[in-house]
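my_file17.cif, holding mmCIF, C-alpha atoms and all ligand atoms:
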data_model
loop_
_atom_site.label_atom_id
_atom_site.label_comp_id
_atom_site.auth_asym_id
_atom_site.auth_seq_id
_atom_site.Cartn_x
_atom_site.Cartn_y
_atom_site.Cartn_z
CA MET A 1 -2.00 23.22 19.98
CA PRO A 2 -5.44 22.30 21.44
CA ILE A 3 -4.03 22.83 24.96
CA ALA A 4 -2.69 26.28 24.02
CA VAL A 5 -6.05 27.20 22.46
CA GLY A 6 -7.82 25.92 25.60
CA ILE A 7 -5.69 28.18 27.83
CA LEU A 8 -6.30 31.18 25.56
CA GLY A 9 -10.02 30.41 25.61
CA ALA A 10 -10.08 30.16 29.42
CA ASN A 11 -8.31 33.55 29.62
CA GLY A 12 -11.06 35.10 27.53
CA GLU A 13 -8.85 35.79 24.53
CA LEU A 14 -10.90 33.72 22.11
CA ASN A 15 -14.45 33.65 20.85
CA LYS A 16 -15.42 30.58 22.90
CA ASP A 17 -18.83 30.15 21.27
CA SER A 18 -17.30 29.04 17.99
CA LEU A 19 -14.90 26.60 19.66
CA SER A 20 -17.42 23.89 20.53
CA GLU A 21 -18.07 22.98 16.89
CA ASN A 22 -14.38 22.91 15.95
CA LEU A 23 -11.95 20.04 16.34
CA LEU A 24 -8.34 21.18 16.69
CA VAL A 25 -5.43 18.85 15.94
CA GLY A 26 -1.72 19.61 15.77
CA GLU A 27 1.53 19.71 17.65
CA LEU A 28 2.66 23.17 18.73
CA ALA A 29 6.36 23.92 18.20
CA LEU A 30 8.20 26.33 20.52
CA ASP A 31 8.25 28.99 17.80
CA GLY A 32 4.47 28.90 17.41
CA ARG A 33 4.37 26.79 14.24
CA ILE A 34 2.02 23.80 13.97
CA ARG A 35 3.72 20.49 13.27
CA THR A 36 2.23 17.58 11.31
CA VAL A 37 0.43 14.67 12.94
CA ARG A 38 -0.17 11.05 11.96
CA GLY A 39 -3.62 9.71 11.18
CA ALA A 40 -5.30 12.88 9.87
CA LEU A 41 -7.73 10.92 7.67
CA PRO A 42 -9.11 8.62 10.41
CA ILE A 43 -9.32 11.69 12.71
CA ALA A 44 -11.35 13.58 10.08
CA ILE A 45 -13.72 10.63 9.53
CA SER A 46 -14.24 10.34 13.28
CA ALA A 47 -14.76 14.14 13.65
CA GLN A 48 -17.44 14.09 10.95
CA LYS A 49 -19.21 11.15 12.60
CA LYS A 50 -19.15 12.91 16.00
CA GLY A 51 -20.85 15.98 14.56
CA PHE A 52 -17.97 18.48 14.41
CA LYS A 53 -18.45 21.13 11.73
CA ARG A 54 -14.84 22.23 11.26
CA LEU A 55 -11.41 20.68 11.60
CA PHE A 56 -8.29 22.81 12.06
CA LEU A 57 -5.11 20.86 11.45
CA PRO A 58 -1.52 21.19 10.16
CA ALA A 59 -1.32 22.35 6.53
CA GLU A 60 0.55 19.21 5.36
CA ASN A 61 -2.18 16.92 6.73
CA ALA A 62 -5.08 18.99 5.43
CA PRO A 63 -5.46 17.46 1.91
CA GLU A 64 -6.10 13.92 3.22
CA ALA A 65 -8.62 15.23 5.80
CA ALA A 66 -10.39 17.33 3.14
CA VAL A 67 -11.39 14.12 1.33
CA VAL A 68 -14.11 13.60 3.98
CA ALA A 69 -17.47 15.04 2.91
CA GLY A 70 -19.53 17.10 5.37
CA LEU A 71 -16.58 18.54 7.27
CA ASP A 72 -14.90 21.92 6.64
CA VAL A 73 -11.14 21.54 6.80
CA TYR A 74 -8.85 24.49 7.55
CA PRO A 75 -5.09 24.10 7.19
CA VAL A 76 -3.14 26.07 9.81
CA GLY A 77 0.57 26.85 9.86
CA SER A 78 0.90 28.68 13.19
CA LEU A 79 -0.91 29.34 16.48
CA ARG A 80 -1.53 32.91 15.24
CA GLU A 81 -3.51 31.56 12.26
CA VAL A 82 -5.59 29.35 14.58
CA ILE A 83 -6.45 32.34 16.82
CA ASP A 84 -7.39 34.49 13.80
CA LEU A 85 -9.64 31.74 12.40
CA VAL A 86 -11.37 31.08 15.72
CA ASN A 87 -11.98 34.82 16.27
CA ALA A 88 -13.00 35.55 12.67
CA ASP A 89 -16.56 36.82 12.14
CA ARG A 90 -16.68 35.12 8.75
CA LEU A 91 -14.47 32.16 7.95
CA PRO A 92 -12.69 31.95 4.61
CA PRO A 93 -13.76 29.07 2.30
CA PRO A 94 -12.50 25.68 3.57
CA LEU A 95 -9.88 23.61 1.73
CA LYS A 96 -11.38 21.66 -1.17
CA VAL A 97 -9.85 18.56 -2.76
CA ASP A 98 -10.98 17.51 -6.23
CA ILE A 99 -11.27 13.74 -5.84
CA ASP A 100 -12.04 13.14 -9.53
CA GLU A 101 -8.94 15.09 -10.48
CA LEU A 102 -6.84 13.01 -8.05
CA PHE A 103 -8.09 9.78 -9.63
CA ASN A 104 -7.68 11.04 -13.20
CA SER A 105 -4.10 12.12 -12.62
CA ALA A 106 -3.36 8.73 -11.07
CA CYS A 107 -4.28 6.81 -14.24
CA HIS A 108 -0.78 7.23 -15.58
CA HIS A 109 1.55 4.81 -13.90
CA MET A 110 5.22 5.65 -13.85
CA VAL A 111 6.17 2.26 -15.28
CA ASP A 112 4.64 0.11 -18.04
CA PHE A 113 4.80 -3.51 -19.16
CA HIS A 114 5.80 -2.57 -22.72
CA GLU A 115 9.20 -1.56 -21.31
CA VAL A 116 9.97 -5.21 -20.49
CA ARG A 117 11.60 -7.04 -23.42
CA GLY A 118 10.90 -10.74 -23.81
CA GLN A 119 9.60 -12.77 -20.82
CA MET A 120 6.29 -13.32 -22.60
CA HIS A 121 5.31 -16.31 -20.45
CA ALA A 122 6.18 -14.44 -17.24
CA LYS A 123 3.97 -11.55 -18.33
CA ARG A 124 1.18 -14.00 -19.12
CA ALA A 125 1.55 -15.61 -15.68
CA LEU A 126 1.38 -12.18 -14.00
CA GLU A 127 -1.75 -11.37 -16.00
CA ILE A 128 -3.41 -14.60 -14.83
CA ALA A 129 -2.28 -13.96 -11.24
CA SER A 130 -3.77 -10.45 -11.42
CA ALA A 131 -7.05 -11.69 -12.85
CA GLY A 132 -7.54 -14.24 -10.09
CA GLY A 133 -5.83 -12.39 -7.24
CA HIS A 134 -3.25 -15.18 -6.88
CA ASN A 135 0.04 -14.97 -5.08
CA ILE A 136 2.97 -15.69 -7.40
CA LEU A 137 6.60 -16.82 -7.07
CA MET A 138 9.16 -16.06 -9.80
CA ILE A 139 12.27 -18.23 -9.87
CA GLY A 140 15.15 -17.16 -12.07
CA PRO A 141 18.79 -16.07 -12.24
CA PRO A 142 19.94 -12.58 -11.26
CA GLY A 143 19.26 -10.01 -13.97
CA SER A 144 16.36 -11.85 -15.61
CA GLY A 145 13.97 -8.96 -14.86
CA LYS A 146 12.02 -10.36 -11.89
CA THR A 147 12.05 -7.04 -10.03
CA MET A 148 11.19 -5.08 -13.18
CA LEU A 149 8.18 -7.34 -13.81
CA ALA A 150 6.97 -7.13 -10.20
CA ARG A 151 7.17 -3.34 -10.14
CA ARG A 152 4.83 -3.15 -13.12
CA LEU A 153 2.18 -5.38 -11.58
CA PRO A 154 0.05 -2.57 -10.05
CA SER A 155 -0.26 -1.09 -13.55
CA ILE A 156 -2.29 -4.10 -14.77
CA LEU A 157 -4.44 -4.56 -11.65
CA PRO A 158 -7.91 -2.93 -11.83
CA PRO A 159 -7.79 0.76 -10.85
CA ILE A 160 -8.25 1.33 -7.11
CA SER A 161 -11.83 2.23 -6.10
CA PHE A 162 -12.72 5.19 -3.87
CA GLU A 163 -13.53 2.89 -0.91
CA GLU A 164 -10.26 1.01 -1.34
CA ALA A 165 -8.36 4.29 -1.64
CA LEU A 166 -9.91 5.52 1.63
CA GLU A 167 -8.98 2.26 3.38
CA SER A 168 -5.39 2.30 2.10
CA THR A 169 -4.90 6.01 2.81
CA LYS A 170 -6.07 5.49 6.41
CA ILE A 171 -3.35 2.88 6.94
CA HIS A 172 -0.68 5.05 5.32
CA SER A 173 -1.95 8.03 7.28
CA VAL A 174 -1.50 6.42 10.72
CA SER A 175 1.96 5.27 9.61
CA GLY A 176 2.91 8.80 8.56
CA TYR A 177 3.47 7.80 4.91
CA THR A 178 1.19 10.20 3.05
CA ASP A 179 2.42 12.11 0.04
CA GLY A 180 0.51 15.32 0.81
CA ARG A 181 -1.83 14.91 -2.18
CA GLY A 182 -4.76 13.65 -0.17
CA LEU A 183 -5.80 10.19 -1.32
CA LEU A 184 -3.65 7.27 -2.35
CA THR A 185 -5.10 6.79 -5.83
CA VAL A 186 -2.83 4.05 -7.18
CA ARG A 187 -2.54 0.60 -5.67
CA PRO A 188 0.35 0.47 -3.21
CA PHE A 189 3.54 -1.41 -4.10
CA ARG A 190 5.70 -2.32 -1.12
CA SER A 191 9.10 -4.02 -1.42
CA PRO A 192 10.73 -4.34 2.02
CA HIS A 193 14.41 -5.37 2.18
CA HIS A 194 15.17 -8.92 3.31
CA THR A 195 16.68 -7.61 6.58
CA ILE A 196 13.19 -6.51 7.78
CA SER A 197 12.05 -7.73 11.23
CA ASP A 198 8.83 -9.66 11.86
CA ALA A 199 7.38 -6.54 13.56
CA GLY A 200 8.28 -4.46 10.51
CA LEU A 201 6.55 -6.93 8.23
CA ILE A 202 3.28 -7.60 10.06
CA GLY A 203 3.21 -4.61 12.42
CA GLY A 204 4.09 -4.03 16.05
CA GLY A 205 5.30 -1.60 18.68
CA ALA A 206 4.02 -0.64 22.15
CA ILE A 207 1.18 1.20 20.42
CA PRO A 208 0.75 -1.16 17.47
CA ARG A 209 1.55 0.34 14.07
CA PRO A 210 0.73 -1.26 10.74
CA GLY A 211 3.48 -3.31 9.08
CA GLU A 212 4.35 -3.83 5.41
CA VAL A 213 1.52 -6.36 4.92
CA SER A 214 -1.00 -3.66 5.86
CA LEU A 215 0.76 -0.91 3.93
CA ALA A 216 0.43 -3.22 0.90
CA HIS A 217 -3.34 -3.66 1.54
CA ASN A 218 -5.25 -3.40 -1.78
CA GLY A 219 -1.93 -3.64 -3.60
CA VAL A 220 1.23 -5.67 -4.01
CA LEU A 221 3.80 -6.89 -1.48
CA PHE A 222 7.02 -7.82 -3.29
CA LEU A 223 9.57 -9.95 -1.45
CA ASP A 224 12.78 -10.15 -3.51
CA GLU A 225 15.41 -12.79 -2.61
CA LEU A 226 12.78 -14.74 -0.64
CA PRO A 227 15.21 -17.29 0.96
CA GLU A 228 17.30 -14.40 2.35
CA PHE A 229 14.49 -13.33 4.71
CA GLU A 230 14.77 -14.62 8.28
CA ARG A 231 12.75 -17.78 8.69
CA ASN A 232 10.71 -16.39 11.60
CA VAL A 233 9.85 -13.35 9.46
CA LEU A 234 8.47 -15.54 6.66
CA GLU A 235 6.57 -17.67 9.20
CA VAL A 236 4.59 -14.68 10.53
CA LEU A 237 3.50 -13.95 6.97
CA ARG A 238 1.36 -17.09 6.84
CA GLN A 239 -1.49 -15.82 9.03
CA PRO A 240 -2.13 -12.52 7.16
CA LEU A 241 -1.93 -14.38 3.82
CA GLU A 242 -4.61 -16.74 5.07
CA ASP A 243 -6.90 -14.26 6.85
CA GLN A 244 -6.33 -11.06 4.79
CA LYS A 245 -5.90 -9.25 8.09
CA VAL A 246 -3.46 -9.14 10.97
CA THR A 247 -4.17 -8.82 14.70
CA ILE A 248 -1.52 -7.42 17.02
CA SER A 249 -2.10 -8.00 20.72
CA ARG A 250 -0.50 -5.95 23.46
CA ALA A 251 -1.22 -5.73 27.21
CA ALA A 252 -3.04 -2.42 26.72
CA MET A 253 -4.89 -3.16 23.51
CA SER A 254 -5.40 -5.46 20.57
CA LEU A 255 -5.59 -3.96 17.09
CA THR A 256 -6.58 -5.53 13.79
CA PHE A 257 -5.25 -4.10 10.54
CA PRO A 258 -6.38 -5.18 7.07
CA ALA A 259 -3.86 -7.11 4.92
CA GLY A 260 -5.65 -7.92 1.65
CA LEU A 261 -2.61 -8.02 -0.55
CA MET A 262 -1.21 -9.86 -3.53
CA LEU A 263 2.13 -11.44 -2.67
CA VAL A 264 4.80 -11.47 -5.36
CA ALA A 265 7.99 -13.25 -4.37
CA ALA A 266 11.21 -13.74 -6.29
CA MET A 267 14.18 -16.02 -5.73
CA ASN A 268 17.20 -17.47 -7.49
CA PRO A 269 16.98 -21.19 -8.36
CA CYS A 270 20.07 -21.91 -6.21
CA SER A 271 22.69 -20.00 -4.23
CA CYS A 272 24.88 -19.29 -7.30
CA GLY A 273 21.79 -18.41 -9.31
CA PHE A 274 22.39 -20.48 -12.46
CA TYR A 275 20.78 -23.89 -11.76
CA GLY A 276 18.91 -24.90 -14.93
CA ASP A 277 20.45 -22.10 -17.01
CA PRO A 278 21.39 -23.38 -20.51
CA SER A 279 24.22 -20.88 -20.99
CA ARG A 280 25.93 -20.83 -17.58
CA ASP A 281 27.07 -23.66 -15.31
CA CYS A 282 25.68 -23.99 -11.81
CA ARG A 283 28.47 -24.45 -9.26
CA CYS A 284 26.20 -25.75 -6.48
CA THR A 285 26.06 -29.33 -5.20
CA PRO A 286 22.62 -31.01 -5.00
CA ALA A 287 22.80 -30.69 -1.20
CA GLN A 288 23.47 -26.95 -1.48
CA ILE A 289 20.52 -26.49 -3.84
CA GLN A 290 18.26 -28.45 -1.48
CA ARG A 291 19.41 -26.35 1.50
CA TYR A 292 18.80 -23.14 -0.44
CA ILE A 293 15.25 -24.08 -1.48
CA SER A 294 14.35 -25.40 1.98
CA LYS A 295 15.00 -21.97 3.53
CA VAL A 296 11.46 -21.18 2.43
CA SER A 297 9.01 -23.37 4.33
CA GLY A 298 6.51 -25.63 2.60
CA PRO A 299 3.44 -24.08 4.30
CA LEU A 300 4.44 -20.66 2.93
CA LEU A 301 5.04 -22.03 -0.58
CA ASP A 302 1.60 -23.71 -0.36
CA ARG A 303 0.04 -20.25 -0.04
CA ILE A 304 1.63 -19.14 -3.30
CA ASP A 305 -0.59 -20.52 -6.06
CA ILE A 306 1.58 -19.85 -9.10
CA HIS A 307 5.29 -20.74 -9.34
CA ILE A 308 7.08 -19.84 -12.58
CA ASN A 309 10.57 -19.95 -14.00
CA VAL A 310 11.90 -16.64 -15.28
CA PRO A 311 15.02 -17.52 -17.31
CA ALA A 312 17.61 -15.01 -18.49
CA VAL A 313 16.53 -12.99 -21.53
CA LYS A 314 18.38 -13.85 -24.77
CA VAL A 315 20.50 -11.09 -26.29
CA SER A 316 18.47 -11.31 -29.52
CA GLU A 317 15.28 -10.52 -27.56
CA LEU A 318 16.93 -7.62 -25.76
CA SER A 319 18.05 -6.00 -29.00
CA ALA A 320 14.77 -6.69 -30.85
CA GLN A 321 12.84 -3.65 -32.05
CA ALA A 322 9.33 -4.84 -31.32
CA THR A 323 7.98 -4.03 -27.88
CA GLY A 324 5.28 -5.99 -26.09
CA GLU A 325 1.79 -4.99 -25.07
CA SER A 326 1.20 -1.94 -22.90
CA SER A 327 -0.10 -2.20 -19.34
CA THR A 328 -3.39 -0.61 -20.47
CA GLU A 329 -4.05 -3.45 -22.94
CA ILE A 330 -3.25 -6.15 -20.37
CA ARG A 331 -5.30 -4.41 -17.69
CA ALA A 332 -8.35 -4.41 -19.96
CA ARG A 333 -8.21 -8.22 -20.13
CA VAL A 334 -7.68 -8.48 -16.35
CA GLN A 335 -10.74 -6.32 -15.73
CA TYR A 336 -12.78 -8.35 -18.20
CA ALA A 337 -11.77 -11.59 -16.46
CA ARG A 338 -12.82 -10.10 -13.12
CA LYS A 339 -16.25 -9.03 -14.35
CA PRO A 340 -18.55 -11.00 -12.05
CA SER A 341 -21.57 -10.52 -14.31
CA ARG A 342 -19.93 -12.95 -16.74
CA TYR A 343 -20.60 -15.68 -14.21
CA GLY A 344 -24.03 -14.38 -13.15
CA LEU A 345 -22.58 -13.08 -9.87
CA PRO A 346 -23.27 -9.74 -8.17
CA GLU A 347 -20.74 -6.90 -8.38
CA ILE A 348 -17.72 -7.46 -6.12
CA THR A 349 -14.65 -5.41 -5.39
CA SER A 350 -11.16 -6.63 -6.14
CA THR A 351 -10.45 -7.17 -2.43
CA ALA A 352 -13.54 -9.31 -2.15
CA MET A 353 -12.22 -11.26 -5.12
CA LEU A 354 -9.01 -11.92 -3.22
CA ARG A 355 -11.01 -12.97 -0.19
CA CYS A 356 -13.35 -15.36 -1.94
CA ARG A 357 -10.38 -17.23 -3.37
CA ARG A 358 -9.61 -18.57 0.11
CA GLU A 359 -13.20 -19.27 1.03
ZN ZN A 401 23.90 -22.91 -8.43
#
Rewrite the structure from the file as structure tokens, please.
Ligand SMILES: [Zn+2]
Amino acid sequence: MPIAVGILGANGELNKDSLSENLLVGELALDGRIRTVRGALPIAISAQKKGFKRLFLPAENAPEAAVVAGLDVYPVGSLREVIDLVNADRLPPPLKVDIDELFNSACHHMVDFHEVRGQMHAKRALEIASAGGHNILMIGPPGSGKTMLARRLPSILPPISFEEALESTKIHSVSGYTDGRGLLTVRPFRSPHHTISDAGLIGGGAIPRPGEVSLAHNGVLFLDELPEFERNVLEVLRQPLEDQKVTISRAAMSLTFPAGLMLVAAMNPCSCGFYGDPSRDCRCTPAQIQRYISKVSGPLLDRIDIHINVPAVKVSELSAQATGESSTEIRARVQYARKPSRYGLPEITSTAMLRCRRE
């Protein structure tokens, strides 16, 4: 699209004076439509810093770019629209995104802890893990609710701040995973399948792209069936867990992506899943159990501070009427625990909390 506009400008078909203050981004399709691009938010931030007044870009990418203050963003759907805007004597009002509204609408998580019956000690462990920014491993038989519990974890973490939302949206933006609303206003929850490659997990490619650890930045990375992951995949996880960032080196460049995440892992206690279960018999031999557990290396387990057993829920608990606490109630306690003023410390963000744990 910028090349097409450049040719039109050189042919004298555009008002060239207004072009110098505009940044144009977009892929031109053969039928004249403008296709979406990756990385609209970082592009907008860079455009604003470089002194551009206006940014013309594909309509689908416009909401995330419009988050940047001091830059007028114009969504364009076709080359015709670009020409009309460039030649216009008076521009229409730019796209506006109501950031407060985005954050307010994000307060309501889709899932809630009160939907989980029983598992009181597992909920308590997740609350403690959230308060301290600890990685956690849940060990229990299939069907005990490990995945259900993990999915609800972002709903008890402190709400994402504007700075964190910008950071996370930038990563999702360059990966092409934006939802078209503008900012990512809830903490990300990523749960890659155990067949993922090491490049998929920590990032890679000829032009390095962020992996799952970076997409989970400021949020939760959930690895279900931990021993099923390839050993080399789990090994590459150690460095980002330690450093809260990941560096990918290629001949042409070396890129560093943030990876300040909370790791939640789940596994069965043995290959049949019922070791230690009072109601079902485990069919595994001690050697089989040992082999199963040893699939996860000691150095990785050392980086997971809390290990808990999540046994099967009793039928009486499943059919009980009473429901547990809501995510909002638990989150209030997590936020209170994180209040640095209680310890006479200056205000810190939740990512900084995660970082200081290691230091
Ligand atoms: Zn077993």
**OP:** Mind checking which residues fall within 7 Å of stretch 210-217 of chain A, counting only C-alpha atoms, ignoring those fewer than 2 positions away in the same chain, and posting them as a PyMOL selection string?
**Re:** chain A and resi 168+171-172+175+188-190+199-204+208+219-221+257-261
Subject >> Within 6 Å of ligand ZN 401 (chain A), counting only C-alpha atoms and all ligand atoms, residues as an NGL selection string >> reply: :A and (270-275 or 282-284)
Original post:
Which of these residues is nearest to A:Asp100, using all atoms listed in the file: A:Leu255, A:Thr36, A:Gly182, A:Lys314?
Top reply: A:Gly182
Please provide the set of residues having any atom within 12 Å of A:Ile304, restricted to all atoms listed in the file, with same-chain residues fewer than 3 positions apart removed, written as an mmCIF file with C-alpha atoms, in the coordinates of the input.
data_model
loop_
_atom_site.group_PDB
_atom_site.id
_atom_site.type_symbol
_atom_site.label_atom_id
_atom_site.label_comp_id
_atom_site.auth_asym_id
_atom_site.auth_seq_id
_atom_site.Cartn_x
_atom_site.Cartn_y
_atom_site.Cartn_z
ATOM 1 C CA ALA A 129 -2.280 -13.960 -11.240
ATOM 2 C CA GLY A 133 -5.830 -12.390 -7.240
ATOM 3 C CA HIS A 134 -3.250 -15.180 -6.880
ATOM 4 C CA ASN A 135 0.040 -14.970 -5.080
ATOM 5 C CA ILE A 136 2.970 -15.690 -7.400
ATOM 6 C CA LEU A 137 6.600 -16.820 -7.070
ATOM 7 C CA MET A 138 9.160 -16.060 -9.800
ATOM 8 C CA LEU A 237 3.500 -13.950 6.970
ATOM 9 C CA ARG A 238 1.360 -17.090 6.840
ATOM 10 C CA LEU A 241 -1.930 -14.380 3.820
ATOM 11 C CA GLU A 242 -4.610 -16.740 5.070
ATOM 12 C CA MET A 262 -1.210 -9.860 -3.530
ATOM 13 C CA LEU A 263 2.130 -11.440 -2.670
ATOM 14 C CA VAL A 264 4.800 -11.470 -5.360
ATOM 15 C CA ALA A 265 7.990 -13.250 -4.370
ATOM 16 C CA ALA A 266 11.210 -13.740 -6.290
ATOM 17 C CA VAL A 296 11.460 -21.180 2.430
ATOM 18 C CA SER A 297 9.010 -23.370 4.330
ATOM 19 C CA GLY A 298 6.510 -25.630 2.600
ATOM 20 C CA PRO A 299 3.440 -24.080 4.300
ATOM 21 C CA LEU A 300 4.440 -20.660 2.930
ATOM 22 C CA LEU A 301 5.040 -22.030 -0.580
ATOM 23 C CA HIS A 307 5.290 -20.740 -9.340
ATOM 24 C CA ILE A 308 7.080 -19.840 -12.580
ATOM 25 C CA ARG A 358 -9.610 -18.570 0.110
#
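Between A:Gly180 and the candidates A:Pro142, A:Gly77, A:Pro63, A:Gly51, the tightest atom-to-atom separation, counting all atoms listed in the file, involves A:Pro63.
For the atom pair formed by atom CA of A:Val5 and atom CA of A:Leu24, the distance is 8.6 Å, given to one decimal.
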